[in-house]
$ cat model02.txt   # compact mmCIF, C-alpha atoms and all ligand atoms
# COMPACT_ATOMS: atom_id res chain seq x y z
CA MET A 692 0.00 0.00 0.00
CA ALA A 693 1.25 3.52 -0.83
CA LYS A 694 2.59 5.48 2.12
CA PRO A 695 0.50 8.54 3.15
CA ARG A 696 1.70 11.80 1.59
CA VAL A 697 2.81 14.16 4.36
CA LEU A 698 3.82 17.84 4.12
CA VAL A 699 5.95 19.45 6.86
CA THR A 700 5.45 23.22 6.63
CA ARG A 701 8.71 24.36 8.33
CA ARG A 702 12.11 22.83 9.23
CA TRP A 703 11.86 20.46 12.21
CA PRO A 704 14.62 18.93 14.35
CA GLU A 705 16.67 16.64 12.12
CA LYS A 706 15.94 13.49 14.10
CA VAL A 707 12.19 13.95 13.66
CA GLU A 708 12.49 14.77 9.96
CA ARG A 709 14.42 11.48 9.56
CA VAL A 710 11.66 9.48 11.29
CA LEU A 711 8.96 11.17 9.18
CA ALA A 712 10.90 10.52 5.97
CA ALA A 713 11.31 6.82 6.84
CA ARG A 714 7.68 6.30 7.83
CA PHE A 715 5.76 8.40 5.28
CA ASP A 716 6.03 9.81 1.76
CA THR A 717 7.29 13.06 3.27
CA THR A 718 7.84 16.46 1.68
CA LEU A 719 10.12 18.61 3.85
CA ASN A 720 10.47 22.38 3.64
CA GLU A 721 14.23 22.64 3.01
CA THR A 722 14.18 26.45 2.75
CA ASP A 723 12.07 26.94 5.92
CA ARG A 724 10.08 29.65 4.10
CA PRO A 725 6.55 29.95 5.54
CA LEU A 726 3.81 28.79 3.15
CA THR A 727 1.49 31.37 1.59
CA GLN A 728 -2.28 30.99 2.00
CA ARG A 729 -2.50 29.86 -1.64
CA GLU A 730 0.16 27.18 -1.01
CA PHE A 731 -1.75 25.98 2.06
CA ALA A 732 -4.98 25.69 0.09
CA ALA A 733 -3.13 23.73 -2.64
CA ALA A 734 -1.47 21.46 -0.03
CA MET A 735 -4.88 20.56 1.41
CA LYS A 736 -5.75 19.06 -1.99
CA ASP A 737 -2.47 17.28 -2.47
CA PHE A 738 -1.36 15.73 0.85
CA ASP A 739 -2.97 13.19 3.20
CA ALA A 740 -1.49 15.01 6.21
CA VAL A 741 -0.25 18.57 6.60
CA LEU A 742 1.95 19.29 9.63
CA PRO A 743 1.68 23.01 10.42
CA THR A 744 3.03 24.91 13.38
CA VAL A 745 2.07 27.83 15.60
CA SER A 746 3.43 30.50 13.22
CA ASP A 747 1.28 29.24 10.30
CA ARG A 748 -2.21 30.62 9.64
CA LEU A 749 -5.01 28.21 8.73
CA PRO A 750 -8.22 30.25 8.49
CA ALA A 751 -11.59 29.01 7.19
CA SER A 752 -10.63 29.75 3.56
CA ILE A 753 -8.04 26.93 3.63
CA PHE A 754 -10.83 24.38 4.08
CA GLU A 755 -13.27 25.90 1.63
CA GLU A 756 -12.12 24.45 -1.69
CA PRO A 757 -13.31 20.85 -1.83
CA PRO A 758 -12.41 18.17 -2.54
CA LEU A 759 -9.81 18.16 0.28
CA ARG A 760 -7.29 15.32 0.37
CA THR A 761 -5.90 16.27 3.80
CA LYS A 762 -7.52 14.19 6.52
CA ILE A 763 -5.30 15.26 9.43
CA LEU A 764 -3.45 18.40 10.52
CA GLY A 765 -0.73 17.28 12.93
CA ASN A 766 0.09 20.57 14.58
CA PHE A 767 3.62 21.04 15.95
CA GLY A 768 2.70 22.99 19.09
CA VAL A 769 0.28 22.89 21.96
CA GLY A 770 -1.55 26.10 20.99
CA PHE A 771 -3.92 25.79 18.02
CA ASN A 772 -5.61 29.19 17.88
CA HIS A 773 -4.01 29.70 14.44
CA ILE A 774 -6.29 26.99 13.00
CA ASP A 775 -10.02 27.53 12.46
CA ILE A 776 -10.96 24.46 14.48
CA ALA A 777 -14.74 24.72 13.94
CA VAL A 778 -14.32 24.83 10.16
CA ALA A 779 -11.70 22.06 10.23
CA LYS A 780 -14.16 19.90 12.16
CA ALA A 781 -17.00 20.69 9.76
CA ALA A 782 -14.70 19.78 6.84
CA GLY A 783 -13.99 16.42 8.50
CA THR A 784 -10.29 17.24 9.10
CA THR A 785 -8.79 15.81 12.29
CA VAL A 786 -6.51 18.20 14.19
CA THR A 787 -3.96 17.17 16.84
CA ASN A 788 -1.53 19.12 19.05
CA THR A 789 1.47 18.38 21.30
CA PRO A 790 0.53 18.83 24.97
CA GLY A 791 2.65 17.74 27.94
CA VAL A 792 6.11 17.81 26.41
CA LEU A 793 6.68 21.58 26.61
CA THR A 794 5.40 22.11 30.14
CA ASP A 795 8.75 22.40 31.98
CA CYS A 796 10.40 24.30 29.19
CA THR A 797 7.67 26.97 29.09
CA ALA A 798 7.51 27.24 32.88
CA ASP A 799 11.30 27.83 32.83
CA ILE A 800 10.80 30.75 30.45
CA ALA A 801 8.07 32.21 32.69
CA LEU A 802 10.56 32.14 35.60
CA THR A 803 13.30 33.54 33.34
CA LEU A 804 11.04 36.49 32.51
CA MET A 805 10.08 37.00 36.16
CA LEU A 806 13.73 37.08 37.21
CA MET A 807 14.88 39.18 34.27
CA ALA A 808 12.13 41.76 34.76
CA ALA A 809 12.44 41.93 38.56
CA ARG A 810 16.27 42.00 38.56
CA ARG A 811 16.49 44.34 35.55
CA ALA A 812 18.69 41.86 33.70
CA GLY A 813 17.90 43.10 30.16
CA GLU A 814 18.46 46.68 31.17
CA GLY A 815 21.73 45.78 32.91
CA GLU A 816 23.06 43.86 29.94
CA ARG A 817 22.18 46.69 27.57
CA GLN A 818 23.99 49.15 29.84
CA LEU A 819 27.10 46.99 30.02
CA ARG A 820 27.27 46.22 26.30
CA THR A 821 26.91 49.88 25.37
CA GLY A 822 29.74 50.87 27.72
CA GLY A 823 27.44 52.65 30.17
CA TRP A 824 28.41 50.71 33.32
CA LYS A 825 30.43 52.88 35.70
CA GLY A 826 31.12 50.14 38.27
CA TRP A 827 29.54 48.77 41.43
CA CYS A 828 27.87 51.12 43.86
CA PRO A 829 25.24 50.60 46.57
CA THR A 830 22.41 52.17 44.58
CA HIS A 831 23.14 50.83 41.12
CA MET A 832 20.16 49.34 39.22
CA LEU A 833 18.19 48.08 42.20
CA GLY A 834 15.53 45.53 41.34
CA ARG A 835 13.03 43.50 43.35
CA GLN A 836 13.40 40.01 44.76
CA LEU A 837 11.04 37.12 44.07
CA THR A 838 11.45 35.51 47.48
CA GLY A 839 8.38 35.94 49.65
CA LYS A 840 6.34 37.70 46.95
CA THR A 841 2.91 36.61 45.67
CA LEU A 842 2.56 34.97 42.28
CA GLY A 843 -0.87 35.05 40.62
CA ILE A 844 -1.45 32.44 37.93
CA ILE A 845 -4.22 32.89 35.37
CA GLY A 846 -4.96 29.40 34.00
CA MET A 847 -3.81 26.62 36.32
CA GLY A 848 -3.25 23.96 33.66
CA ARG A 849 -0.04 21.96 33.24
CA ILE A 850 2.17 24.98 32.52
CA GLY A 851 0.50 27.18 35.14
CA LYS A 852 1.13 24.49 37.79
CA ALA A 853 4.73 23.94 36.70
CA THR A 854 5.37 27.70 36.96
CA ALA A 855 3.69 27.84 40.38
CA LYS A 856 5.80 24.90 41.61
CA ARG A 857 9.04 26.59 40.62
CA ALA A 858 7.94 29.80 42.34
CA TYR A 859 6.73 28.11 45.52
CA PHE A 860 9.46 25.52 46.05
CA GLY A 861 12.31 27.47 44.46
CA PHE A 862 11.62 31.01 45.64
CA GLY A 863 9.29 30.65 48.61
CA MET A 864 6.56 32.58 46.81
CA LYS A 865 2.92 32.50 47.82
CA VAL A 866 0.69 31.23 44.99
CA LEU A 867 -2.80 32.47 44.08
CA PHE A 868 -4.61 31.41 40.95
CA PHE A 869 -7.67 31.77 38.79
CA ASN A 870 -8.98 28.79 36.87
CA ARG A 871 -12.43 28.34 35.32
CA SER A 872 -12.93 24.91 36.88
CA ILE A 873 -12.26 24.12 40.53
CA ILE A 874 -8.80 22.64 41.14
CA ASP A 875 -8.31 20.60 44.25
CA ASP A 876 -5.46 18.15 43.74
CA ASP A 877 -2.37 17.03 45.66
CA GLU A 878 -0.01 19.18 43.57
CA THR A 879 -1.96 22.36 44.26
CA ARG A 880 -2.49 21.52 47.94
CA ALA A 881 1.26 20.85 48.36
CA MET A 882 1.91 24.45 47.27
CA ASP A 883 -0.83 25.77 49.50
CA ALA A 884 -2.06 27.53 46.35
CA GLN A 885 -5.23 29.50 46.84
CA GLN A 886 -7.89 29.49 44.12
CA MET A 887 -9.55 32.90 43.72
CA LYS A 888 -13.07 33.38 42.37
CA THR A 889 -12.18 36.06 39.82
CA ILE A 890 -9.31 37.17 37.62
CA ASP A 891 -9.70 40.64 39.11
CA GLU A 892 -8.86 39.32 42.60
CA VAL A 893 -5.67 37.69 41.28
CA MET A 894 -4.66 40.87 39.41
CA ALA A 895 -5.13 43.01 42.53
CA ALA A 896 -3.40 40.73 45.06
CA SER A 897 -0.29 39.59 43.13
CA ASP A 898 3.24 40.94 42.85
CA PHE A 899 3.70 38.89 39.67
CA VAL A 900 0.81 37.91 37.40
CA SER A 901 1.69 35.08 35.02
CA LEU A 902 -0.64 34.18 32.14
CA HIS A 903 -1.14 30.52 31.19
CA CYS A 904 -4.50 30.45 29.40
CA PRO A 905 -5.09 29.69 25.72
CA GLY A 906 -5.29 32.49 23.14
CA GLY A 907 -8.02 32.98 20.55
CA ALA A 908 -11.36 34.80 20.48
CA GLU A 909 -12.47 33.60 23.91
CA ASN A 910 -9.53 35.14 25.79
CA ARG A 911 -8.73 38.07 23.49
CA HIS A 912 -7.64 41.03 25.66
CA LEU A 913 -8.57 39.20 28.83
CA VAL A 914 -5.98 41.48 30.41
CA ASP A 915 -7.26 44.87 29.30
CA ALA A 916 -6.83 48.45 30.58
CA ARG A 917 -9.33 47.90 33.41
CA ARG A 918 -7.62 44.75 34.68
CA LEU A 919 -4.13 46.24 34.31
CA ALA A 920 -5.28 49.17 36.44
CA LEU A 921 -6.10 46.71 39.24
CA MET A 922 -2.44 45.63 39.55
CA LYS A 923 -0.26 46.79 42.43
CA PRO A 924 2.12 49.66 41.56
CA GLY A 925 5.14 47.39 42.15
CA ALA A 926 3.75 44.43 40.19
CA PHE A 927 4.99 42.66 37.03
CA LEU A 928 2.97 41.10 34.21
CA ILE A 929 4.41 37.94 32.62
CA ASN A 930 3.04 36.48 29.38
CA THR A 931 4.22 33.16 27.95
CA ALA A 932 0.72 32.18 26.75
CA ARG A 933 -0.44 34.06 23.65
CA GLY A 934 -0.01 37.71 22.65
CA ASP A 935 -3.71 38.35 22.10
CA VAL A 936 -4.51 37.62 25.77
CA VAL A 937 -3.11 41.09 26.62
CA ASP A 938 -4.24 44.44 25.19
CA THR A 939 -0.73 45.63 24.35
CA VAL A 940 -1.73 49.23 23.70
CA ALA A 941 -3.15 49.38 27.23
CA LEU A 942 -0.04 47.67 28.61
CA VAL A 943 2.29 50.20 26.97
CA GLU A 944 0.14 53.04 28.29
CA ILE A 945 0.09 51.78 31.89
CA MET A 946 3.84 51.14 31.80
CA LYS A 947 4.49 54.65 30.45
CA GLN A 948 2.54 56.02 33.40
CA GLY A 949 4.74 53.93 35.72
CA ALA A 950 1.60 52.38 37.20
CA ILE A 951 3.15 48.89 37.28
CA ALA A 952 6.80 47.98 37.79
CA GLY A 953 7.42 46.03 34.59
CA ALA A 954 6.56 43.18 32.27
CA GLY A 955 8.12 40.10 30.73
CA LEU A 956 6.74 38.99 27.38
CA ASP A 957 7.53 35.98 25.19
CA VAL A 958 4.50 36.24 22.87
CA TYR A 959 2.90 39.02 20.79
CA GLU A 960 -0.37 39.66 19.01
CA GLU A 961 1.02 39.81 15.46
CA GLU A 962 4.28 37.88 15.69
CA PRO A 963 6.95 38.58 14.61
CA ALA A 964 5.87 42.25 14.70
CA ILE A 965 6.54 43.90 18.05
CA PRO A 966 3.81 46.38 19.01
CA ALA A 967 4.80 50.04 18.86
CA GLY A 968 6.03 51.43 22.13
CA LEU A 969 7.20 48.18 23.74
CA THR A 970 10.81 48.36 22.60
CA ASP A 971 11.12 51.93 23.95
CA LEU A 972 10.39 50.76 27.49
CA GLU A 973 13.40 49.82 29.64
CA ASN A 974 11.33 47.87 32.17
CA VAL A 975 9.84 45.34 29.77
CA VAL A 976 11.76 42.17 28.93
CA LEU A 977 11.05 40.97 25.40
CA LEU A 978 11.87 37.43 24.24
CA PRO A 979 11.20 36.06 20.73
CA HIS A 980 8.67 33.28 21.59
CA LEU A 981 11.28 31.02 23.19
CA GLY A 982 8.88 29.14 25.50
CA SER A 983 9.47 25.70 24.01
CA ALA A 984 12.83 26.44 22.39
CA THR A 985 15.13 23.70 23.64
CA ALA A 986 16.50 20.92 21.45
CA GLU A 987 14.99 18.30 23.79
CA THR A 988 11.52 19.83 23.80
CA ARG A 989 11.30 20.59 20.08
CA THR A 990 12.34 16.98 19.33
CA ALA A 991 9.72 15.69 21.78
CA MET A 992 7.08 17.93 20.13
CA GLY A 993 7.97 16.52 16.72
CA MET A 994 7.82 12.93 18.01
CA LYS A 995 4.34 13.67 19.43
CA VAL A 996 3.21 14.67 15.95
CA VAL A 997 4.71 11.44 14.56
CA GLU A 998 2.76 9.50 17.23
CA ASN A 999 -0.48 11.29 16.38
CA ILE A 1000 -0.36 10.88 12.62
CA SER A 1001 0.94 7.28 12.91
CA ALA A 1002 -2.06 6.40 15.08
CA PHE A 1003 -4.38 8.13 12.63
CA PHE A 1004 -3.06 6.29 9.57
CA ASP A 1005 -3.07 2.98 11.51
CA GLY A 1006 -6.79 3.50 12.10
CA ARG A 1007 -6.44 4.33 15.82
CA ASP A 1008 -7.65 7.48 17.57
CA PRO A 1009 -4.73 9.96 17.75
CA PRO A 1010 -3.83 10.57 21.43
CA ASP A 1011 -3.86 14.38 21.15
CA ARG A 1012 -6.91 15.03 19.03
CA VAL A 1013 -8.38 18.53 19.43
CA ALA A 1014 -10.82 18.28 16.49
C1 LIG A 1101 3.02 26.23 21.54
O1 LIG A 1101 3.34 25.05 21.36
O2 LIG A 1101 1.86 26.61 21.42
C2 LIG A 1101 4.08 27.17 21.97
O3 LIG A 1101 3.65 28.47 21.96
C3 LIG A 1101 5.33 27.01 21.14
O4 LIG A 1101 6.37 27.51 21.94
$ encode --input "model02.txt" --output "structure tokens" --more "lines below"
Ligand code: DGY
Amino acid sequence: MAKPRVLVTRRWPEKVERVLAARFDTTLNETDRPLTQREFAAAMKDFDAVLPTVSDRLPASIFEEPPLRTKILGNFGVGFNHIDIAVAKAAGTTVTNTPGVLTDCTADIALTLMLMAARRAGEGERQLRTGGWKGWCPTHMLGRQLTGKTLGIIGMGRIGKATAKRAYFGFGMKVLFFNRSIIDDDETRAMDAQQMKTIDEVMAASDFVSLHCPGGAENRHLVDARRLALMKPGAFLINTARGDVVDTVALVEIMKQGAIAGAGLDVYEEEPAIPAGLTDLENVVLLPHLGSATAETRTAMGMKVVENISAFFDGRDPPDRVA
């Protein structure tokens, strides 16, 4: 029987590309150039599986030119707000993602941002590299410490919990959280983490607010001007979730007013564009969506996709089906 035709939309870790090439009739993207919308629509007619990633865009129009050959989109990434899931479902296209394997990696980046923002690490490095450092003195570039502070988590899923654990066990932080469903498990009890009824309560009571909820229409600008205004004057906002969860214009404005102490961002609304005003602020740490960027994690993400599409083509239910 002919092997399924599989298209990989970007370069993946070599080891995973090798496994895909051995198992399927695989077309790799040697140049790593992102596909255009027209190329995506054509691929949906030509391949049995398309393997997109979080920087691709798969709106309704991609699914609207039947007959479609693509039966499964094996997404490389846990977030899937770049795919019109409702339309994919209606078109009979299965969609899978890669949960679980990027939990620790992303929680590490949340802590990196907390430390960098609170200890002014970006600012300090810029000063040193541009020759502006005049030497040690008792009042030079004083930051804030994490120890003993309160961390507020919005979205206590896998990554939210892993971030909370690092903060509680590593830095002696108190943990508050908001989550839509009630969470009462051993992990959360061991951290003495307190579930609050509203996001507003978490915003108002935390020294660090860390976002761990999905992006997309449902959570668009969940953190808006009103909620930012609830934050303590010395507080920091950390976003490793999705850019659209925060109203960036409102964030820039509140930071310009000095109403919060700083922010640490790994994700942006229109990546790779960085919203106007952010790069002018010294007290915001900006990373280029590095949450899952370790060799180990990216390989594990790729192998999850292999697992999902292998199950699908073997006639089994893919373990990480989201549509
Ligand atoms: C994901 O998988 O959704 C992450 O944002 C990639 O780092």
$ closest_residue --input "model02.txt" --among "A:Asp739, A:Leu804, A:Gly846, A:Thr970" --to "Asn930 (chain A)" --atoms "only C-alpha atoms"
A:Leu804
$ atom_distance --input "model02.txt" --atom1 "CA of Ala896 (chain A)" --atom2 "CA of Val958 (chain A)"
24.0 Å
$ closest_residue --input "model02.txt" --among "A:Gln948, A:Asn772, A:Thr717, A:Asn974" --to "Glu909 (chain A)" --atoms "all atoms listed in the file"
A:Asn772
$ residues_near_ligand --input "model02.txt" --ligand "ligand LIG 1101 (chain A)" --cutoff "9 Å" --atoms "all atoms listed in the file" --output "ChimeraX atom specification"
/A:744-746,766-772,788-790,793,796-797,905,931-933,958,980-984,989,992
$ closest_residue --input "model02.txt" --among "A:Val937, A:Ala713, A:Ile951, A:Ile965" --to "Ala920 (chain A)" --atoms "only C-alpha atoms"
A:Ile951
$ atom_distance --input "model02.txt" --atom1 "CA of Leu719 (chain A)" --atom2 "CA of Thr700 (chain A)"
7.1 Å
$ build_atoms --input "model02.txt" --residues "region 765-776 of chain A" --atoms "all heavy atoms" --output "compact mmCIF listing (two decimals), keeping the file's coordinate frame"
# COMPACT_ATOMS: atom_id res chain seq x y z
N GLY A 765 -1.49 17.64 11.73
CA GLY A 765 -0.73 17.28 12.93
C GLY A 765 0.07 18.50 13.35
O GLY A 765 1.19 18.73 12.89
N ASN A 766 -0.54 19.30 14.22
CA ASN A 766 0.09 20.57 14.58
C ASN A 766 1.30 20.37 15.49
O ASN A 766 1.23 19.65 16.49
CB ASN A 766 -0.94 21.47 15.28
CG ASN A 766 -0.39 22.85 15.57
OD1 ASN A 766 0.10 23.52 14.67
ND2 ASN A 766 -0.43 23.25 16.82
N PHE A 767 2.39 21.04 15.14
CA PHE A 767 3.62 21.04 15.95
C PHE A 767 3.46 22.21 16.92
O PHE A 767 3.78 23.35 16.61
CB PHE A 767 4.81 21.26 15.01
CG PHE A 767 6.17 21.22 15.66
CD1 PHE A 767 6.97 20.07 15.58
CD2 PHE A 767 6.68 22.32 16.33
CE1 PHE A 767 8.24 20.05 16.15
CE2 PHE A 767 7.95 22.30 16.90
CZ PHE A 767 8.73 21.16 16.82
N GLY A 768 2.95 21.93 18.11
CA GLY A 768 2.70 22.99 19.09
C GLY A 768 1.48 22.64 19.90
O GLY A 768 0.59 21.92 19.42
N VAL A 769 1.45 23.17 21.12
CA VAL A 769 0.28 22.89 21.96
C VAL A 769 -0.85 23.84 21.63
O VAL A 769 -2.02 23.47 21.62
CB VAL A 769 0.67 22.89 23.47
CG1 VAL A 769 1.02 24.27 23.98
CG2 VAL A 769 -0.43 22.28 24.31
N GLY A 770 -0.53 25.11 21.32
CA GLY A 770 -1.55 26.10 20.99
C GLY A 770 -2.06 25.85 19.57
O GLY A 770 -1.28 25.50 18.69
N PHE A 771 -3.38 26.03 19.37
CA PHE A 771 -3.92 25.79 18.02
C PHE A 771 -4.89 26.89 17.61
O PHE A 771 -5.78 26.69 16.79
CB PHE A 771 -4.53 24.39 17.91
CG PHE A 771 -5.49 24.04 19.03
CD1 PHE A 771 -6.81 24.43 18.98
CD2 PHE A 771 -5.03 23.35 20.15
CE1 PHE A 771 -7.67 24.13 20.02
CE2 PHE A 771 -5.88 23.04 21.19
CZ PHE A 771 -7.21 23.42 21.12
N ASN A 772 -4.72 28.08 18.21
CA ASN A 772 -5.61 29.19 17.88
C ASN A 772 -5.34 29.77 16.49
O ASN A 772 -6.07 30.63 16.03
CB ASN A 772 -5.53 30.28 18.95
CG ASN A 772 -4.13 30.82 19.12
OD1 ASN A 772 -3.18 30.04 19.18
ND2 ASN A 772 -3.99 32.12 19.16
N HIS A 773 -4.30 29.26 15.82
CA HIS A 773 -4.01 29.70 14.44
C HIS A 773 -4.76 28.85 13.42
O HIS A 773 -4.63 29.06 12.22
CB HIS A 773 -2.50 29.62 14.19
CG HIS A 773 -1.92 28.26 14.48
ND1 HIS A 773 -1.80 27.78 15.77
CD2 HIS A 773 -1.49 27.27 13.67
CE1 HIS A 773 -1.29 26.55 15.72
NE2 HIS A 773 -1.10 26.23 14.46
N ILE A 774 -5.52 27.86 13.90
CA ILE A 774 -6.29 26.99 13.00
C ILE A 774 -7.77 27.22 13.28
O ILE A 774 -8.18 27.25 14.45
CB ILE A 774 -5.96 25.50 13.27
CG1 ILE A 774 -4.46 25.24 13.09
CG2 ILE A 774 -6.78 24.58 12.36
CD1 ILE A 774 -4.00 23.83 13.49
N ASP A 775 -8.58 27.41 12.24
CA ASP A 775 -10.02 27.53 12.46
C ASP A 775 -10.58 26.13 12.75
O ASP A 775 -10.93 25.38 11.84
CB ASP A 775 -10.71 28.17 11.25
CG ASP A 775 -12.14 28.58 11.59
OD1 ASP A 775 -12.80 27.84 12.35
OD2 ASP A 775 -12.58 29.63 11.12
N ILE A 776 -10.62 25.81 14.03
CA ILE A 776 -10.96 24.46 14.48
C ILE A 776 -12.39 24.08 14.10
O ILE A 776 -12.65 22.96 13.65
CB ILE A 776 -10.75 24.36 16.01
CG1 ILE A 776 -9.25 24.41 16.34
CG2 ILE A 776 -11.36 23.10 16.59
CD1 ILE A 776 -8.47 23.18 15.91
